[in-house]
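Coordinates as given in upload-v5.csv (CSV, N, CA and C atoms and all ligand atoms):
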chain,number,residue,atom,x,y,z
A,16,MET,N,-16.3,-12.3,15.2
A,16,MET,CA,-15.0,-13.1,15.0
A,16,MET,C,-15.4,-14.5,15.1
A,17,VAL,N,-14.9,-15.3,14.1
A,17,VAL,CA,-15.0,-16.7,14.1
A,17,VAL,C,-13.6,-17.4,14.3
A,18,TRP,N,-13.5,-18.3,15.2
A,18,TRP,CA,-12.2,-18.9,15.5
A,18,TRP,C,-12.2,-20.2,14.7
A,19,HIS,N,-11.1,-20.4,13.9
A,19,HIS,CA,-11.0,-21.6,13.1
A,19,HIS,C,-9.8,-22.4,13.7
A,20,LYS,N,-10.0,-23.7,13.9
A,20,LYS,CA,-9.0,-24.6,14.4
A,20,LYS,C,-8.0,-24.9,13.3
A,21,VAL,N,-6.7,-24.7,13.5
A,21,VAL,CA,-5.8,-24.9,12.4
A,21,VAL,C,-4.8,-26.1,12.8
A,22,ALA,N,-4.7,-26.4,14.0
A,22,ALA,CA,-3.9,-27.5,14.5
A,22,ALA,C,-4.3,-28.0,15.8
A,23,GLU,N,-3.9,-29.2,16.2
A,23,GLU,CA,-4.2,-29.8,17.5
A,23,GLU,C,-3.3,-29.1,18.5
A,24,SER,N,-2.1,-28.7,18.1
A,24,SER,CA,-1.2,-28.1,19.1
A,24,SER,C,-0.1,-27.4,18.3
A,25,ARG,N,0.6,-26.6,19.0
A,25,ARG,CA,1.8,-25.9,18.5
A,25,ARG,C,2.8,-26.8,17.9
A,26,ALA,N,3.0,-28.0,18.6
A,26,ALA,CA,4.0,-29.0,18.1
A,26,ALA,C,3.6,-29.5,16.8
A,27,GLU,N,2.3,-29.7,16.6
A,27,GLU,CA,1.8,-30.2,15.3
A,27,GLU,C,2.1,-29.2,14.1
A,28,LEU,N,2.0,-27.9,14.5
A,28,LEU,CA,2.2,-26.8,13.5
A,28,LEU,C,3.6,-26.6,13.2
A,29,PHE,N,4.4,-26.6,14.2
A,29,PHE,CA,5.9,-26.3,14.0
A,29,PHE,C,6.7,-27.6,14.4
A,30,GLY,N,7.3,-28.2,13.5
A,30,GLY,CA,8.2,-29.3,13.8
A,30,GLY,C,9.5,-28.7,14.4
A,31,ALA,N,10.4,-29.6,14.7
A,31,ALA,CA,11.7,-29.1,15.2
A,31,ALA,C,12.4,-28.2,14.2
A,32,GLY,N,12.8,-27.1,14.7
A,32,GLY,CA,13.5,-26.1,13.9
A,32,GLY,C,12.6,-25.3,12.9
A,33,VAL,N,11.3,-25.5,13.0
A,33,VAL,CA,10.4,-24.8,12.1
A,33,VAL,C,9.7,-23.7,12.8
A,34,ASP,N,9.8,-22.5,12.1
A,34,ASP,CA,9.1,-21.4,12.8
A,34,ASP,C,8.1,-20.7,12.0
A,35,MET,N,7.7,-21.3,10.8
A,35,MET,CA,6.6,-20.8,10.0
A,35,MET,C,5.8,-21.9,9.5
A,36,ALA,N,4.5,-21.7,9.4
A,36,ALA,CA,3.6,-22.7,8.9
A,36,ALA,C,2.4,-22.0,8.2
A,37,GLU,N,2.1,-22.6,7.0
A,37,GLU,CA,1.0,-22.0,6.3
A,37,GLU,C,-0.2,-22.9,6.7
A,38,VAL,N,-1.4,-22.3,6.9
A,38,VAL,CA,-2.6,-23.0,7.2
A,38,VAL,C,-3.7,-22.4,6.4
A,39,GLU,N,-4.7,-23.3,6.1
A,39,GLU,CA,-5.9,-22.8,5.4
A,39,GLU,C,-7.0,-22.4,6.4
A,40,VAL,N,-7.5,-21.2,6.2
A,40,VAL,CA,-8.5,-20.7,7.1
A,40,VAL,C,-9.6,-20.1,6.3
A,41,ASP,N,-10.7,-20.7,6.3
A,41,ASP,CA,-11.9,-20.2,5.6
A,41,ASP,C,-11.6,-19.8,4.2
A,42,GLY,N,-10.9,-20.7,3.5
A,42,GLY,CA,-10.5,-20.5,2.1
A,42,GLY,C,-9.3,-19.5,1.9
A,43,LYS,N,-8.7,-19.1,2.9
A,43,LYS,CA,-7.5,-18.2,2.8
A,43,LYS,C,-6.3,-18.9,3.3
A,44,THR,N,-5.2,-18.7,2.7
A,44,THR,CA,-3.9,-19.2,3.3
A,44,THR,C,-3.4,-18.1,4.2
A,45,VAL,N,-3.1,-18.6,5.4
A,45,VAL,CA,-2.6,-17.7,6.5
A,45,VAL,C,-1.2,-18.3,6.9
A,46,LEU,N,-0.3,-17.3,7.2
A,46,LEU,CA,1.0,-17.8,7.7
A,46,LEU,C,1.0,-17.6,9.2
A,47,VAL,N,1.4,-18.6,9.9
A,47,VAL,CA,1.5,-18.5,11.4
A,47,VAL,C,3.0,-18.6,11.6
A,48,VAL,N,3.5,-17.7,12.4
A,48,VAL,CA,5.0,-17.7,12.7
A,48,VAL,C,5.2,-17.7,14.2
A,49,LYS,N,6.3,-18.3,14.6
A,49,LYS,CA,6.6,-18.4,16.0
A,49,LYS,C,7.9,-17.5,16.2
A,50,VAL,N,7.7,-16.6,17.1
A,50,VAL,CA,8.9,-15.7,17.5
A,50,VAL,C,9.0,-15.7,19.0
A,51,GLY,N,10.1,-16.2,19.4
A,51,GLY,CA,10.3,-16.4,20.9
A,51,GLY,C,9.2,-17.4,21.3
A,52,GLY,N,8.5,-17.1,22.4
A,52,GLY,CA,7.4,-18.0,22.8
A,52,GLY,C,6.1,-17.6,22.2
A,53,GLU,N,6.0,-16.6,21.4
A,53,GLU,CA,4.7,-16.1,20.9
A,53,GLU,C,4.4,-16.6,19.5
A,54,MET,N,3.2,-16.7,19.1
A,54,MET,CA,2.7,-17.0,17.8
A,54,MET,C,2.0,-15.8,17.2
A,55,TYR,N,2.2,-15.5,15.9
A,55,TYR,CA,1.5,-14.5,15.2
A,55,TYR,C,1.0,-15.0,13.9
A,56,ALA,N,-0.1,-14.5,13.4
A,56,ALA,CA,-0.6,-14.9,12.2
A,56,ALA,C,-0.8,-13.7,11.2
A,57,CYS,N,-0.5,-13.9,10.0
A,57,CYS,CA,-0.5,-12.8,9.0
A,57,CYS,C,-0.8,-13.4,7.6
A,58,ALA,N,-0.9,-12.5,6.7
A,58,ALA,CA,-1.1,-12.9,5.3
A,58,ALA,C,0.0,-13.7,4.8
A,59,SER,N,-0.3,-14.7,3.9
A,59,SER,CA,0.8,-15.6,3.5
A,59,SER,C,1.6,-14.9,2.3
A,60,LYS,N,1.0,-13.9,1.7
A,60,LYS,CA,1.7,-13.3,0.5
A,60,LYS,C,2.1,-11.9,0.9
A,61,CYS,N,3.3,-11.5,0.4
A,61,CYS,CA,3.8,-10.2,0.6
A,61,CYS,C,2.9,-9.1,0.0
A,62,PRO,N,2.7,-8.0,0.7
A,62,PRO,CA,1.8,-6.9,0.2
A,62,PRO,C,2.5,-6.1,-0.9
A,63,HIS,N,3.8,-6.3,-1.1
A,63,HIS,CA,4.6,-5.6,-2.1
A,63,HIS,C,4.3,-6.2,-3.5
A,64,ALA,N,4.7,-7.4,-3.8
A,64,ALA,CA,4.5,-8.0,-5.1
A,64,ALA,C,4.0,-9.5,-5.0
A,65,GLY,N,3.5,-9.9,-3.8
A,65,GLY,CA,2.8,-11.2,-3.7
A,65,GLY,C,3.7,-12.4,-3.5
A,66,ALA,N,5.0,-12.2,-3.1
A,66,ALA,CA,5.8,-13.3,-2.9
A,66,ALA,C,5.3,-14.2,-1.7
A,67,ARG,N,5.6,-15.4,-1.7
A,67,ARG,CA,5.2,-16.3,-0.6
A,67,ARG,C,6.1,-16.1,0.6
A,68,MET,N,5.5,-15.5,1.6
A,68,MET,CA,6.4,-15.2,2.8
A,68,MET,C,7.0,-16.4,3.5
A,69,LYS,N,6.4,-17.5,3.4
A,69,LYS,CA,7.0,-18.7,4.0
A,69,LYS,C,8.4,-19.0,3.4
A,70,ASP,N,8.6,-18.6,2.2
A,70,ASP,CA,9.9,-18.9,1.5
A,70,ASP,C,11.0,-17.9,2.0
A,71,GLY,N,10.5,-16.9,2.8
A,71,GLY,CA,11.5,-16.0,3.4
A,71,GLY,C,12.0,-16.5,4.7
A,72,TYR,N,12.4,-15.6,5.6
A,72,TYR,CA,12.9,-16.1,6.9
A,72,TYR,C,12.6,-15.1,8.0
A,73,LEU,N,12.8,-15.5,9.2
A,73,LEU,CA,12.7,-14.6,10.3
A,73,LEU,C,14.2,-14.1,10.7
A,74,ASP,N,14.4,-12.8,10.8
A,74,ASP,CA,15.7,-12.3,11.1
A,74,ASP,C,16.0,-12.4,12.6
A,75,ALA,N,17.1,-11.9,13.0
A,75,ALA,CA,17.5,-12.0,14.5
A,75,ALA,C,16.6,-11.2,15.3
A,76,GLN,N,15.9,-10.2,14.8
A,76,GLN,CA,15.0,-9.3,15.6
A,76,GLN,C,13.6,-9.9,15.5
A,77,GLY,N,13.4,-11.0,14.9
A,77,GLY,CA,12.0,-11.6,14.8
A,77,GLY,C,11.2,-11.0,13.7
A,78,ASN,N,11.8,-10.2,12.7
A,78,ASN,CA,11.1,-9.7,11.6
A,78,ASN,C,11.0,-10.7,10.5
A,79,LEU,N,9.8,-10.7,9.8
A,79,LEU,CA,9.6,-11.6,8.7
A,79,LEU,C,10.2,-10.9,7.5
A,80,VAL,N,11.1,-11.6,6.8
A,80,VAL,CA,11.8,-11.0,5.6
A,80,VAL,C,11.3,-11.7,4.4
A,81,CYS,N,10.8,-10.9,3.5
A,81,CYS,CA,10.2,-11.4,2.2
A,81,CYS,C,11.4,-12.0,1.3
A,82,PRO,N,11.1,-13.1,0.7
A,82,PRO,CA,12.1,-13.8,-0.1
A,82,PRO,C,12.5,-13.0,-1.4
A,83,LEU,N,11.6,-12.1,-1.8
A,83,LEU,CA,11.8,-11.6,-3.2
A,83,LEU,C,12.6,-10.3,-3.1
A,84,HIS,N,12.2,-9.3,-2.4
A,84,HIS,CA,13.0,-8.0,-2.4
A,84,HIS,C,13.5,-7.7,-1.0
A,85,ARG,N,13.3,-8.6,-0.1
A,85,ARG,CA,13.8,-8.5,1.3
A,85,ARG,C,13.2,-7.4,2.2
A,86,TYR,N,12.0,-7.0,1.8
A,86,TYR,CA,11.4,-6.0,2.7
A,86,TYR,C,11.1,-6.8,4.0
A,87,ARG,N,11.1,-6.0,5.1
A,87,ARG,CA,11.0,-6.7,6.4
A,87,ARG,C,9.7,-6.2,7.1
A,88,PHE,N,9.0,-7.1,7.8
A,88,PHE,CA,7.8,-6.9,8.5
A,88,PHE,C,7.8,-7.4,9.9
A,89,ASP,N,7.3,-6.6,10.8
A,89,ASP,CA,7.1,-7.1,12.2
A,89,ASP,C,5.9,-7.9,12.3
A,90,PRO,N,6.0,-9.2,12.5
A,90,PRO,CA,4.8,-10.0,12.5
A,90,PRO,C,3.8,-9.7,13.7
A,91,LYS,N,4.3,-9.0,14.7
A,91,LYS,CA,3.4,-8.6,15.8
A,91,LYS,C,2.5,-7.5,15.4
A,92,THR,N,3.0,-6.6,14.5
A,92,THR,CA,2.2,-5.4,14.2
A,92,THR,C,1.8,-5.3,12.7
A,93,GLY,N,2.5,-6.1,11.9
A,93,GLY,CA,2.3,-6.0,10.4
A,93,GLY,C,3.1,-4.8,9.8
A,94,ARG,N,3.8,-4.0,10.7
A,94,ARG,CA,4.5,-2.8,10.2
A,94,ARG,C,5.7,-3.2,9.3
A,95,ASN,N,5.9,-2.5,8.2
A,95,ASN,CA,7.0,-2.7,7.3
A,95,ASN,C,8.2,-2.0,7.9
A,96,VAL,N,9.0,-2.7,8.7
A,96,VAL,CA,10.0,-2.0,9.5
A,96,VAL,C,11.2,-1.6,8.6
A,97,SER,N,11.3,-2.1,7.4
A,97,SER,CA,12.4,-1.6,6.5
A,97,SER,C,12.0,-0.3,5.8
A,98,GLY,N,10.7,0.2,6.0
A,98,GLY,CA,10.4,1.5,5.6
A,98,GLY,C,9.9,1.8,4.2
A,99,GLU,N,9.4,0.7,3.5
A,99,GLU,CA,8.9,1.0,2.2
A,99,GLU,C,7.4,1.4,2.2
A,100,GLY,N,6.8,1.3,3.4
A,100,GLY,CA,5.4,1.8,3.5
A,100,GLY,C,4.3,0.8,3.2
A,101,TYR,N,4.6,-0.5,3.3
A,101,TYR,CA,3.6,-1.5,3.1
A,101,TYR,C,3.1,-2.0,4.4
A,102,PHE,N,2.1,-2.7,4.4
A,102,PHE,CA,1.5,-3.3,5.7
A,102,PHE,C,1.1,-4.7,5.4
A,103,LEU,N,1.6,-5.6,6.3
A,103,LEU,CA,1.2,-7.0,6.2
A,103,LEU,C,0.0,-7.3,7.0
A,104,LYS,N,-1.0,-7.7,6.4
A,104,LYS,CA,-2.3,-8.0,7.1
A,104,LYS,C,-2.1,-9.0,8.2
A,105,ARG,N,-2.6,-8.8,9.3
A,105,ARG,CA,-2.5,-9.7,10.5
A,105,ARG,C,-3.8,-10.3,10.8
A,106,TYR,N,-3.7,-11.5,11.5
A,106,TYR,CA,-4.9,-12.1,12.0
A,106,TYR,C,-4.6,-12.5,13.5
A,107,VAL,N,-5.6,-12.8,14.2
A,107,VAL,CA,-5.4,-13.1,15.6
A,107,VAL,C,-5.2,-14.6,15.7
A,108,VAL,N,-4.4,-15.1,16.6
A,108,VAL,CA,-4.2,-16.5,16.8
A,108,VAL,C,-4.1,-16.8,18.3
A,109,LYS,N,-4.7,-17.9,18.6
A,109,LYS,CA,-4.6,-18.3,20.1
A,109,LYS,C,-4.3,-19.8,20.2
A,110,ASP,N,-3.6,-20.1,21.3
A,110,ASP,CA,-3.1,-21.4,21.6
A,110,ASP,C,-3.9,-21.8,22.8
A,111,THR,N,-4.7,-22.9,22.7
A,111,THR,CA,-5.5,-23.3,23.9
A,111,THR,C,-5.3,-24.8,24.1
A,112,GLU,N,-5.9,-25.3,25.1
A,112,GLU,CA,-5.8,-26.8,25.4
A,112,GLU,C,-6.4,-27.6,24.3
A,113,ASP,N,-7.4,-26.9,23.6
A,113,ASP,CA,-8.1,-27.6,22.5
A,113,ASP,C,-7.5,-27.5,21.1
A,114,GLY,N,-6.4,-26.7,21.1
A,114,GLY,CA,-5.7,-26.6,19.8
A,114,GLY,C,-5.3,-25.1,19.5
A,115,VAL,N,-4.8,-24.9,18.3
A,115,VAL,CA,-4.4,-23.6,17.8
A,115,VAL,C,-5.5,-23.1,16.9
A,116,PHE,N,-5.9,-21.8,17.2
A,116,PHE,CA,-7.1,-21.2,16.4
A,116,PHE,C,-6.6,-19.9,15.8
A,117,VAL,N,-7.1,-19.7,14.6
A,117,VAL,CA,-6.9,-18.4,14.0
A,117,VAL,C,-8.3,-17.7,13.8
A,118,GLY,N,-8.4,-16.5,14.2
A,118,GLY,CA,-9.7,-15.7,14.2
A,118,GLY,C,-9.8,-15.0,12.9
A,119,MET,N,-11.0,-15.0,12.3
A,119,MET,CA,-11.4,-14.2,11.1
A,119,MET,C,-12.6,-13.5,11.3
A,120,GLU,N,-12.7,-12.3,10.7
A,120,GLU,CA,-14.0,-11.6,10.8
A,120,GLU,C,-15.1,-12.5,10.1
A,121,GLU,N,-16.3,-12.4,10.6
A,121,GLU,CA,-17.3,-13.2,10.0
A,121,GLU,C,-17.6,-12.7,8.6
A,122,LYS,N,-17.9,-13.7,7.7
A,122,LYS,CA,-18.2,-13.3,6.3
A,122,LYS,C,-19.6,-12.8,6.3
A,123,LYS,N,-19.8,-11.7,5.6
A,123,LYS,CA,-21.2,-11.1,5.5
A,123,LYS,C,-21.8,-11.6,4.2
A,124,GLY,N,-23.1,-11.8,4.3
A,124,GLY,CA,-23.8,-12.1,3.0
A,124,GLY,C,-23.9,-10.9,2.1
A,125,ILE,N,-24.5,-11.0,1.0
A,125,ILE,CA,-24.5,-9.9,0.1
A,125,ILE,C,-25.5,-8.8,0.6
A,126,PHE,N,-26.4,-9.2,1.5
A,126,PHE,CA,-27.3,-8.2,2.1
A,126,PHE,C,-26.8,-7.8,3.5
A,127,GLY,N,-25.8,-8.4,4.0
A,127,GLY,CA,-25.4,-8.1,5.3
A,127,GLY,C,-24.3,-7.3,5.6
B,201,LIG,S1,7.4,-9.1,-3.1
B,201,LIG,FE1,8.0,-9.0,-1.0
B,201,LIG,S2,9.3,-7.3,-0.9
B,201,LIG,FE2,8.8,-7.4,-3.0

Can you present the structure in this file as structure tokens?
Amino acid sequence: MVWHKVAESRAELFGAGVDMAEVEVDGKTVLVVKVGGEMYACASKCPHAGARMKDGYLDAQGNLVCPLHRYRFDPKTGRNVSGEGYFLKRYVVKDTEDGVFVGMEEKKGIFG
């Protein structure tokens, strides 16, 4: 696992009233969301037809709602809670004194 710094702090990532932020991690766009006091990181595109999840919203239960067909995903687990059978890829995220970091599996070389 390689940890990539994506912001100096939570406050830098989420302005007032903002609960979703896209960040670039190792060439990938990752969506970081804030639900209650917790942060979760997941794929920025919907696994159904590729809509940009940041253009959706978080519902009252903290589920991420896709802007295109309104499928709902639990950002904690990636589960498609509206039942269509998709899965939203998740990443690990941590908030430390040194900043906010997203973890990615190490890239392997063609022989590795
Ligand atoms: S593209 Fe997200 S639900 Fe269809």

Quick one: of A:Val115, A:Val107, A:Leu79, A:Ala64, who's nearest to ligand LIG 201 (chain B), counting all atoms listed in the file?
-> A:Ala64

Ref. answer, residues at most 8 Å from (-4.6, -27.3, 12.9) with all atoms listed in the file, as a PyMOL selection string = chain A and resi 19-24+27-28+38-39+114-116

If you take only N, CA and C atoms and all ligand atoms and a cut-off of 6.5 Å, which residues of chain A touch ligand LIG 201 (chain B), and what are their nearest atom pairs and distances in Å to one decimal, in chain and number order, as a Markdown table?
| residue | atom | partner | partner_atom | distance |
| --- | --- | --- | --- | --- |
| A:Cys61 | CA | B:LIG201 | FE1 | 4.7 |
| A:Pro62 | N | B:LIG201 | FE1 | 5.7 |
| A:His63 | C | B:LIG201 | S1 | 4.3 |
| A:Ala64 | N | B:LIG201 | S1 | 3.3 |
| A:Gly65 | N | B:LIG201 | S1 | 4.0 |
| A:Ala66 | N | B:LIG201 | S1 | 3.9 |
| A:Cys81 | CA | B:LIG201 | FE1 | 4.6 |
| A:Pro82 | N | B:LIG201 | FE1 | 5.4 |
| A:Leu83 | C | B:LIG201 | FE2 | 4.8 |
| A:His84 | N | B:LIG201 | S2 | 3.8 |
| A:Arg85 | N | B:LIG201 | S2 | 4.3 |
| A:Tyr86 | N | B:LIG201 | S2 | 3.8 |
| A:Arg87 | N | B:LIG201 | S2 | 6.4 |

Enumerate, as a PyMOL selection string, the complete set of residues in chain A that a backbone-based DSSP assignment places in strand (DSSP E).
-> chain A and resi 17-22+35-40+43-50+53-58+72-73+79-80+87-88+105-111+114-119

Separation of CA of Lys43 (chain A) from CA of Arg94 (chain A) in Å =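 Going from CA of Arg94 (chain A) over to CA of Lys43 (chain A), I get 20.9 Å.
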
Atomic separation - atom C of Ala26 (chain A) relative to atom C of Met119 (chain A), Å | 23.4 Å

Exercise: Leu46 (chain A) partners within 10 Å, only C-alpha atoms, chain neighbours under 5 positions left out, as number ranges by chain = A: 35-40, 55-60, 67-69, 90, 105-106

Would you give me, as a short mmCIF file (atom, residue, chain, number, x, y, z; two decimals) with N, CA and C atoms, in the frame of the given file, the residues in chain A that DSSP reads as alpha helix (DSSP H)?
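Result file is part.cif:
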data_model
loop_
_atom_site.label_atom_id
_atom_site.label_comp_id
_atom_site.auth_asym_id
_atom_site.auth_seq_id
_atom_site.Cartn_x
_atom_site.Cartn_y
_atom_site.Cartn_z
N ARG A 25 0.60 -26.60 19.00
CA ARG A 25 1.80 -25.90 18.50
C ARG A 25 2.80 -26.80 17.90
N ALA A 26 3.00 -28.00 18.60
CA ALA A 26 4.00 -29.00 18.10
C ALA A 26 3.60 -29.50 16.80
N GLU A 27 2.30 -29.70 16.60
CA GLU A 27 1.80 -30.20 15.30
C GLU A 27 2.10 -29.20 14.10
N LEU A 28 2.00 -27.90 14.50
CA LEU A 28 2.20 -26.80 13.50
C LEU A 28 3.60 -26.60 13.20
#

How far is it from atom N of Val108 (chain A) to atom N of Ile125 (chain A), in Å with one decimal?
->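 Answer for the atom N of Val108 (chain A) to atom N of Ile125 (chain A) separation: 25.8 Å.
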